[in-house]
Structure formats: structure tokens, C-alpha cells
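Enquirer: Coordinates in target22.txt, compact mmCIF, C-alpha atoms, are listed below.
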```
# COMPACT_ATOMS: atom_id res chain seq x y z
CA MET K 12 -44.60 -27.72 1.59
CA THR K 13 -41.62 -29.99 0.90
CA ARG K 14 -41.21 -28.39 -2.53
CA THR K 15 -41.12 -24.94 -0.90
CA ILE K 16 -38.43 -26.05 1.51
CA VAL K 17 -36.37 -27.57 -1.31
CA THR K 18 -36.73 -24.41 -3.38
CA ALA K 19 -35.69 -22.28 -0.42
CA ALA K 20 -32.68 -24.51 0.23
CA LEU K 21 -31.61 -24.27 -3.42
CA ALA K 22 -31.98 -20.50 -3.35
CA ALA K 23 -29.93 -20.35 -0.16
CA SER K 24 -27.21 -22.48 -1.74
CA LEU K 25 -27.00 -20.07 -4.68
CA VAL K 26 -26.28 -17.28 -2.21
CA ALA K 27 -23.84 -19.36 -0.22
CA VAL K 28 -21.64 -20.42 -3.14
CA PRO K 29 -20.22 -16.96 -3.93
CA LEU K 30 -19.47 -16.41 -0.23
CA ALA K 31 -17.67 -19.71 -0.08
CA ALA K 32 -15.79 -18.86 -3.28
CA HIS K 33 -14.42 -15.74 -1.59
CA HIS K 34 -13.64 -17.29 1.78
CA SER K 35 -12.81 -20.94 1.19
CA TYR K 36 -9.11 -20.08 0.74
CA ALA K 37 -8.65 -22.75 -1.89
CA GLY K 38 -5.06 -23.91 -2.13
CA PHE K 39 -4.06 -22.69 1.32
CA ASP K 40 -2.73 -25.10 3.95
CA GLN K 41 -5.37 -26.40 6.33
CA THR K 42 -3.10 -25.94 9.34
CA ARG K 43 -1.36 -22.86 10.62
CA THR K 44 2.32 -22.03 10.24
CA LEU K 45 4.19 -19.66 12.51
CA PHE K 46 6.86 -17.34 11.10
CA GLU K 47 8.48 -14.03 11.85
CA ALA K 48 9.35 -11.43 9.27
CA ARG K 49 9.88 -7.75 8.68
CA VAL K 50 7.25 -5.48 7.10
CA GLU K 51 8.31 -4.28 3.68
CA ALA K 52 5.08 -2.67 2.48
CA LEU K 53 1.51 -1.96 3.52
CA ARG K 54 -0.89 -1.89 0.61
CA ILE K 55 -4.20 -0.38 1.67
CA GLU K 56 -6.93 -1.24 -0.81
CA ASN K 57 -10.09 -3.16 -1.47
CA PRO K 58 -11.01 -5.99 -1.55
CA HIS K 59 -8.04 -6.75 0.74
CA THR K 60 -5.29 -4.80 2.44
CA LEU K 61 -1.97 -6.55 1.88
CA ILE K 62 0.98 -6.69 4.27
CA GLU K 63 4.21 -7.63 2.51
CA LEU K 64 6.97 -9.10 4.67
CA LYS K 65 10.40 -10.63 4.25
CA ALA K 66 11.86 -13.20 6.66
CA ARG K 67 15.50 -13.37 7.63
CA ASP K 68 16.06 -16.22 5.18
CA GLY K 69 14.78 -14.01 2.35
CA GLN K 70 11.39 -15.71 2.07
CA ARG K 71 8.69 -13.21 1.12
CA TYR K 72 5.19 -13.38 2.60
CA ARG K 73 1.99 -11.52 1.71
CA ILE K 74 -0.71 -11.38 4.37
CA ILE K 75 -4.13 -11.07 2.74
CA PHE K 76 -5.78 -8.91 5.35
CA LEU K 77 -9.06 -7.07 5.81
CA ALA K 78 -10.55 -4.77 3.21
CA ALA K 79 -9.63 -1.12 3.59
CA SER K 80 -13.25 -0.44 4.46
CA ALA K 81 -13.13 -3.08 7.23
CA LEU K 82 -9.95 -1.90 8.95
CA GLY K 83 -12.10 0.18 11.29
CA ARG K 84 -13.26 -3.08 12.92
CA VAL K 85 -9.74 -3.75 14.15
CA PHE K 86 -7.98 -0.40 14.35
CA ALA K 87 -9.36 2.84 15.70
CA ASN K 88 -9.57 5.18 12.70
CA GLY K 89 -9.22 2.34 10.21
CA ALA K 90 -6.27 2.68 7.83
CA GLU K 91 -4.90 5.55 9.87
CA GLY K 92 -4.91 3.38 12.97
CA MET K 93 -3.32 0.49 11.12
CA THR K 94 -0.46 2.66 9.87
CA SER K 95 0.08 3.94 13.39
CA ARG K 96 0.32 0.33 14.69
CA ILE K 97 2.23 -1.40 11.88
CA HIS K 98 5.17 0.36 10.24
CA VAL K 99 7.45 -0.48 7.37
CA GLY K 100 10.50 -2.05 9.01
CA ASP K 101 8.63 -3.58 11.97
CA MET K 102 9.23 -7.22 12.82
CA LEU K 103 6.02 -9.22 13.20
CA LEU K 104 5.27 -12.70 14.49
CA VAL K 105 2.56 -14.25 12.32
CA SER K 106 0.47 -17.39 12.48
CA GLY K 107 -1.51 -18.14 9.36
CA ARG K 108 -2.48 -20.56 6.63
CA LEU K 109 0.00 -20.50 3.78
CA LYS K 110 -0.09 -20.93 0.02
CA LYS K 111 3.45 -21.20 -1.28
CA GLY K 112 4.17 -19.52 -4.61
CA ASP K 113 7.31 -19.15 -6.66
CA ASP K 114 8.11 -15.64 -5.46
CA VAL K 115 5.93 -15.09 -2.44
CA THR K 116 3.98 -17.15 0.09
CA GLU K 117 0.45 -15.84 0.59
CA VAL K 118 -1.04 -15.93 4.08
CA VAL K 119 -4.71 -15.98 5.11
CA ALA K 120 -6.44 -16.17 8.47
CA ALA K 121 -3.41 -14.40 9.91
CA GLN K 122 -2.89 -13.70 13.58
CA ILE K 123 -0.25 -11.04 14.11
CA ASP K 124 1.86 -10.00 17.12
CA ASP K 125 4.39 -7.21 17.31
CA ALA K 126 8.03 -7.71 18.29
CA ALA K 127 7.18 -7.16 21.94
CA GLY K 128 4.72 -10.07 21.83
CA ALA K 129 1.64 -7.87 21.97
CA PRO K 130 -1.24 -9.12 19.81
CA ILE K 131 -2.11 -6.78 16.93
CA HIS K 132 -4.77 -8.87 15.23
CA PRO K 133 -6.95 -10.20 16.63
CA ALA K 134 -6.31 -8.28 19.79
CA ASN K 135 -8.08 -10.32 22.46
CA ARG K 136 -6.07 -13.54 22.61
CA PRO K 137 -2.87 -14.88 24.18
CA ALA K 138 0.40 -13.91 22.53
CA LEU K 139 1.76 -16.21 19.84
CA SER K 140 4.65 -18.43 20.91
CA ARG K 141 7.82 -17.82 18.94
CA PRO K 142 9.24 -20.82 17.07
CA PRO K 143 11.86 -22.82 18.99
CA GLY K 144 15.39 -21.71 18.10
CA ALA K 145 14.25 -18.43 16.61
CA GLY K 146 16.83 -16.54 18.65
CA PRO K 147 16.57 -12.92 19.70
CA TRP K 148 14.58 -10.48 17.65
CA PRO K 149 16.78 -8.48 15.29
CA GLN K 150 17.38 -5.05 16.75
CA GLU K 151 17.84 -3.07 13.56
CA THR K 152 14.84 -1.33 12.04
CA GLN K 153 14.52 -0.48 8.35
CA MET B 18 47.34 21.36 -9.74
CA THR B 19 44.84 21.77 -12.55
CA PRO B 20 44.80 18.06 -13.51
CA ARG B 21 44.26 17.22 -9.87
CA ILE B 22 41.27 19.57 -9.67
CA VAL B 23 39.85 18.17 -12.88
CA ALA B 24 40.31 14.63 -11.60
CA ALA B 25 38.61 15.51 -8.33
CA ALA B 26 35.72 17.13 -10.18
CA LEU B 27 35.33 14.07 -12.39
CA ALA B 28 35.41 11.76 -9.38
CA THR B 29 32.77 13.88 -7.67
CA CYS B 30 30.61 13.65 -10.77
CA LEU B 31 30.96 9.88 -10.92
CA VAL B 32 30.31 9.29 -7.24
CA ALA B 33 27.64 11.85 -6.51
CA VAL B 34 25.91 13.04 -9.64
CA VAL B 35 25.40 9.83 -11.57
CA PRO B 36 23.55 7.85 -8.89
CA LEU B 37 21.37 10.82 -8.03
CA GLY B 38 20.64 11.37 -11.68
CA ALA B 39 19.83 7.72 -12.16
CA HIS B 40 17.26 7.89 -9.38
CA HIS B 41 15.77 11.29 -10.07
CA SER B 42 16.08 11.99 -13.78
CA TYR B 43 12.77 10.20 -14.44
CA PRO B 44 13.72 8.82 -17.84
CA GLY B 45 10.74 8.20 -20.07
CA PHE B 46 8.46 10.63 -18.26
CA GLU B 47 7.02 13.53 -20.20
CA PRO B 48 8.83 16.83 -19.55
CA THR B 49 5.64 18.82 -18.99
CA PRO B 50 2.95 18.09 -16.39
CA THR B 51 -0.56 16.85 -17.21
CA VAL B 52 -3.65 17.43 -15.05
CA PHE B 53 -6.09 14.59 -14.42
CA GLU B 54 -8.70 13.47 -11.90
CA GLY B 55 -8.81 10.01 -10.42
CA ARG B 56 -10.24 8.07 -7.53
CA VAL B 57 -7.83 6.44 -5.09
CA GLU B 58 -7.89 2.65 -5.41
CA SER B 59 -4.88 1.74 -3.29
CA ILE B 60 -2.14 3.24 -1.17
CA THR B 61 1.07 1.24 -0.88
CA ILE B 62 3.30 2.42 1.92
CA ALA B 63 6.75 1.13 1.06
CA ASN B 64 10.31 2.01 0.28
CA PRO B 65 11.85 3.27 -1.91
CA HIS B 66 8.54 4.90 -2.86
CA THR B 67 5.02 5.08 -1.55
CA LEU B 68 2.58 4.46 -4.39
CA ILE B 69 -0.90 5.91 -4.86
CA GLU B 70 -2.98 4.13 -7.48
CA LEU B 71 -5.95 5.91 -9.01
CA ARG B 72 -8.55 5.26 -11.65
CA ALA B 73 -10.06 8.02 -13.75
CA ALA B 74 -13.71 8.17 -14.76
CA ASP B 75 -12.77 6.80 -18.22
CA GLY B 76 -11.15 3.75 -16.60
CA GLN B 77 -7.55 4.88 -17.12
CA ARG B 78 -5.31 3.74 -14.26
CA TYR B 79 -2.58 5.95 -12.81
CA ARG B 80 0.19 5.25 -10.29
CA ILE B 81 1.71 8.20 -8.48
CA ILE B 82 5.30 7.46 -7.51
CA PHE B 83 5.42 9.34 -4.24
CA LEU B 84 7.84 9.84 -1.36
CA ALA B 85 9.68 7.10 0.53
CA VAL B 86 8.08 6.01 3.79
CA SER B 87 10.84 7.71 5.74
CA ALA B 88 10.13 10.97 3.90
CA LEU B 89 6.37 11.06 4.44
CA ARG B 90 6.96 12.90 7.70
CA ARG B 91 8.16 15.90 5.68
CA VAL B 92 4.63 16.26 4.34
CA PHE B 93 2.26 14.64 6.82
CA ILE B 94 2.31 14.91 10.60
CA ASN B 95 2.99 11.37 11.87
CA GLY B 96 4.23 10.23 8.46
CA ALA B 97 2.37 7.25 7.01
CA GLU B 98 -0.32 7.54 9.68
CA GLY B 99 -0.92 11.16 8.74
CA MET B 100 -1.04 10.25 5.07
CA ALA B 101 -3.63 7.54 5.75
CA SER B 102 -5.72 10.07 7.65
CA ARG B 103 -5.55 12.58 4.77
CA ILE B 104 -5.94 10.30 1.72
CA HIS B 105 -8.51 7.49 1.78
CA ILE B 106 -9.50 4.72 -0.58
CA GLY B 107 -12.32 6.15 -2.70
CA ASP B 108 -11.20 9.78 -2.46
CA THR B 109 -11.08 11.76 -5.68
CA LEU B 110 -7.84 13.64 -6.26
CA LEU B 111 -6.94 16.30 -8.78
CA VAL B 112 -3.37 15.59 -9.84
CA SER B 113 -0.77 17.43 -11.86
CA GLY B 114 2.27 15.36 -12.77
CA ARG B 115 4.63 14.13 -15.41
CA LEU B 116 3.39 10.97 -17.06
CA LYS B 117 4.95 7.80 -18.45
CA ARG B 118 2.35 5.88 -20.41
CA GLY B 119 2.37 2.11 -20.11
CA ASP B 120 0.13 -0.57 -21.55
CA GLU B 121 -1.94 -1.03 -18.39
CA LEU B 122 -1.34 2.11 -16.38
CA ILE B 123 0.27 5.51 -16.48
CA GLU B 124 3.03 6.22 -13.98
CA VAL B 125 3.18 9.73 -12.55
CA CYS B 126 6.17 11.49 -11.07
CA SER B 127 6.66 15.03 -9.71
CA ALA B 128 3.01 14.89 -8.69
CA GLN B 129 1.09 17.72 -7.08
CA PHE B 130 -2.36 16.81 -5.88
CA ASP B 131 -5.43 18.44 -4.41
CA ASP B 132 -8.45 16.89 -2.75
CA ALA B 133 -11.92 17.02 -4.32
CA GLN B 134 -12.56 20.40 -2.68
CA GLY B 135 -9.49 21.89 -4.33
CA VAL B 136 -7.42 21.95 -1.16
CA PRO B 137 -3.74 21.21 -1.81
CA ILE B 138 -2.55 17.98 -0.21
CA TYR B 139 0.96 17.90 -1.65
CA PRO B 140 2.81 20.16 -1.72
CA LEU B 141 0.87 22.38 0.65
CA ASN B 142 2.01 25.94 0.08
CA ARG B 143 0.82 26.63 -3.45
CA PRO B 144 -2.34 27.70 -5.28
CA ALA B 145 -4.94 25.02 -6.03
CA ILE B 146 -4.49 23.08 -9.25
CA THR B 147 -6.70 24.46 -12.00
CA LYS B 148 -9.21 21.83 -13.04
CA LEU B 149 -9.35 20.87 -16.71
CA GLN B 150 -12.01 22.81 -18.62
CA SER B 151 -13.51 19.65 -20.06
CA SER B 152 -13.58 17.64 -16.86
CA GLY B 153 -16.75 19.18 -15.39
CA PRO B 154 -17.84 18.55 -11.82
CA VAL B 155 -16.50 15.64 -9.85
CA PRO B 156 -18.75 12.65 -10.66
CA ALA B 157 -21.24 11.93 -7.88
CA SER B 158 -20.12 8.31 -7.85
CA PHE B 159 -16.66 9.51 -6.83
CA ALA B 160 -17.93 11.09 -3.66
CA ARG B 161 -17.19 9.04 -0.59
```
Can the structure in the file be given as C-alpha cells, please?
Expert:
Amino acid sequence: MTRTIVTAALAASLVAVPLAAHHSYAGFDQTRTLFEARVEALRIENPHTLIELKARDGQRYRIIFLAASALGRVFANGAEGMTSRIHVGDMLLVSGRLKKGDDVTEVVAAQIDDAAGAPIHPANRPALSRPPGAGPWPQETQ
Amino acid sequence: MTPRIVAAALATCLVAVVPLGAHHSYPGFEPTPTVFEGRVESITIANPHTLIELRAADGQRYRIIFLAVSALRRVFINGAEGMASRIHIGDTLLVSGRLKRGDELIEVCSAQFDDAQGVPIYPLNRPAITKLQSSGPVPASFAR
């Protein structure tokens, strides 16, 4: 009986390792960072949709978001709904775990609000608090 | 008077024609269009150009250099939203465009493309693109 349980546990661990490899976010900060930046590009694809942003100080960010096939969980009509909610030129407030690179900082586990403070993803939560001293949102678009 | 006109014409050329030519002359792209089929792998909505990346059945990768975000509204109702409702990841497109062959992928400009049913997506008001004789039916694995 014990041998069966051990075998089952080993088999389960073989399944669990690839899942962990995809979702362990190796190299990303353990704690969240809050930043605001303007959308430069939306890249809709699998395995992950990417949202490219640039902050006022020139820092570039890349949110590693849901797969194209999973966008329907968050936005009505999936990619169509996402592109109706997030536009190139929009300012977003983002909380996420960062991995700083030479050219771009990648972001996982992102929570995203629009410039009006309305949560975009995930939707059912309080609005993110803007960083102290962030000043008014820039008015210009694109 | 004549030198002044010539000078004005030259200035116009330098100010107006050269930058436009630099952006739209498509250096390095073949002068004649090529027809190919590919499955959409990604759509990047960005300026100065929206990009549509495809992969053909033989594995060849293509990147259509498409309109700017701000210009998508000329083609799709609701702009990027309309484009995302018309073209999906996994769709098979029939494309006619001018190619620039790179090591990893082929860039495509002046693209016309139809959906898998032969319905024109861009531009709209034209006959369907004639499928290549050798290409056969759309592979079943390409169907969404």
C-alpha cells in the first residue's frame, strides 16, 4: 500500500514540475512594485499576450499577460474586448512582480487599473493606490 | 523668377518627398507580389505599424507590416477592436504581398489578405486573391 502511495506521489510530482516551470516566475521579484506607464503596443499571441509600456522616465515594461486563448476569461469577446478596453496611448497603473532587464523590465502577476482608477485586471478588487508624489496623470494621449 | 521657382521646387522635394519616400519606398522588398498562406500566430497593435505574424504549413514565418494603430479605423469599424474581432490567433489567411526575405522570417509589405473562405479582409473592395495552384485545400490543422 505504502509503495502504491509513493509511486502515486512520484507520478504526481512529474506532472507538477512542468506546471511549476511555467508558473514559478523564476527571477522575478517576490514582492510587488507599483508603476504607471503608457501603452506602446499590445501583442496578442500564445502562450502569452504582451502589453508593452513606457514610463515617463523612459523605462520600458512588458506585462506578460494571459494567453490569447484565455483573454475571454477577463474580457467579453476575448482579444476584441481587450482591444476595446486597453488602447495604444492609454496610461495604466500597474502592480506586479518585476524582472529587470537591460532594455525592458518584465512584469508578471500584474494588476492593472486605467487612468481613471478603474480596475481592468482583475476586475473585482479595490483600485490600486498611485505612488506618492506621482503627480497628475499626463493629459496627452498618443 | 525661374531660379526662385526651381529653388522652391527643390525645397519642396527635400522637405516633403524625401521623408515620405524614406518611409514608403520599401527598400529591399521585391517589386512584384507573392501569394502565400499562413496561420496567424500573433497580432501586435502598435505604432508606427501594426504587425501580423504568420507561419506557413512548411514552417516559414512571415510578418505583415500593416497599418498604424491610428489608421486601423480606415479599414475596421472600431479600429484595433474591429481588427481583433476579424482576425484571430489561429486563423488561416491567404496573403498577397511584396516580400523581403530575412534569415528567420519574411517581412511583407503592401499586403492584401483574405480569410480562409476567400473573403477579402484588406482591402475590402476587390476580387478574392487567387489561391496558388500547388497549395491545395487549407490544411485541416489550420482550421480554428
Enquirer: Extract, using all atoms listed in the file, all DNA, RNA and protein residues at most 8 Å from stretch 105-121 of chain B, discarding same-chain residues fewer than 3 positions from it, and format them as an NGL selection string.
Expert: (:K and (55-57 or 79)) or (:B and (45-60 or 78 or 101-102 or 124-133 or 135 or 146 or 148 or 155 or 159-161))
Enquirer: Per residue of chain K within 10 Å of chain B, note the shortest atom pair and the distance in Å to one decimal, counting only C-alpha atoms, and order the rows by chain and increasing residue number, as JSON lines.
Expert:
```
{"residue": "K:Val50", "atom": "CA", "partner": "B:Ala63", "partner_atom": "CA", "distance": 9.0}
{"residue": "K:Glu51", "atom": "CA", "partner": "B:Ala63", "partner_atom": "CA", "distance": 6.2}
{"residue": "K:Ala52", "atom": "CA", "partner": "B:Ala63", "partner_atom": "CA", "distance": 4.4}
{"residue": "K:Leu53", "atom": "CA", "partner": "B:Ile62", "partner_atom": "CA", "distance": 5.0}
{"residue": "K:Arg54", "atom": "CA", "partner": "B:Thr61", "partner_atom": "CA", "distance": 4.0}
{"residue": "K:Ile55", "atom": "CA", "partner": "B:Ile60", "partner_atom": "CA", "distance": 5.0}
{"residue": "K:Glu56", "atom": "CA", "partner": "B:Ser59", "partner_atom": "CA", "distance": 4.4}
{"residue": "K:Asn57", "atom": "CA", "partner": "B:Glu58", "partner_atom": "CA", "distance": 7.4}
{"residue": "K:Pro58", "atom": "CA", "partner": "B:Glu58", "partner_atom": "CA", "distance": 10.0}
{"residue": "K:His59", "atom": "CA", "partner": "B:Ser59", "partner_atom": "CA", "distance": 9.9}
{"residue": "K:Thr60", "atom": "CA", "partner": "B:Ser59", "partner_atom": "CA", "distance": 8.7}
{"residue": "K:Leu61", "atom": "CA", "partner": "B:Thr61", "partner_atom": "CA", "distance": 8.8}
{"residue": "K:Ile62", "atom": "CA", "partner": "B:Thr61", "partner_atom": "CA", "distance": 9.5}
{"residue": "K:Glu63", "atom": "CA", "partner": "B:Ala63", "partner_atom": "CA", "distance": 9.2}
{"residue": "K:Ala79", "atom": "CA", "partner": "B:Ile106", "partner_atom": "CA", "distance": 7.2}
{"residue": "K:Ser80", "atom": "CA", "partner": "B:Ile106", "partner_atom": "CA", "distance": 8.1}
{"residue": "K:Asn88", "atom": "CA", "partner": "B:Ser102", "partner_atom": "CA", "distance": 8.0}
{"residue": "K:Gly89", "atom": "CA", "partner": "B:Ala101", "partner_atom": "CA", "distance": 8.8}
{"residue": "K:Ala90", "atom": "CA", "partner": "B:Ala101", "partner_atom": "CA", "distance": 5.9}
{"residue": "K:Glu91", "atom": "CA", "partner": "B:Ala101", "partner_atom": "CA", "distance": 4.7}
{"residue": "K:Gly92", "atom": "CA", "partner": "B:Glu98", "partner_atom": "CA", "distance": 7.0}
{"residue": "K:Met93", "atom": "CA", "partner": "B:Glu98", "partner_atom": "CA", "distance": 7.8}
{"residue": "K:Thr94", "atom": "CA", "partner": "B:Glu98", "partner_atom": "CA", "distance": 4.9}
{"residue": "K:Ser95", "atom": "CA", "partner": "B:Glu98", "partner_atom": "CA", "distance": 5.2}
{"residue": "K:Arg96", "atom": "CA", "partner": "B:Glu98", "partner_atom": "CA", "distance": 8.8}
{"residue": "K:Ile97", "atom": "CA", "partner": "B:Glu98", "partner_atom": "CA", "distance": 9.6}
{"residue": "K:His98", "atom": "CA", "partner": "B:Ala97", "partner_atom": "CA", "distance": 8.1}
{"residue": "K:Val99", "atom": "CA", "partner": "B:Ala63", "partner_atom": "CA", "distance": 6.5}
{"residue": "K:Gly100", "atom": "CA", "partner": "B:Ala63", "partner_atom": "CA", "distance": 9.3}
{"residue": "K:Gln153", "atom": "CA", "partner": "B:Ser87", "partner_atom": "CA", "distance": 9.4}
```
Enquirer: Using all atoms listed in the file, what residues lie at most 12 Å away from (10.1, -19.1, 16.3) (file coordinates), given as a list in words?
Expert: Thr44, Leu45, Phe46, Glu47, Ala48, Ala66, Arg67, Leu103, Leu104, Val105, Ser106, Ala126, Gly128, Leu139, Ser140, Arg141, Pro142, Pro143, Gly144, Ala145, Gly146, Pro147 and Trp148 of chain K
Enquirer: Could you check which of B:Val136, B:Ala88, B:Ala73, B:Ile82 is closest to B:Tyr43, using all atoms listed in the file?
Expert: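 Distance minimum relative to B:Tyr43 lands on B:Ile82.
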Enquirer: Could you work out how far atom CA of K:Gly107 lies from atom CA of K:Ala120, giving the answer in Å with one decimal?
Expert: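 Between these atoms lies a distance of 5.4 Å.
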Enquirer: What is the atom CA of K:Thr116 to atom CA of K:Arg73 distance in Å?
Expert: 6.2 Å
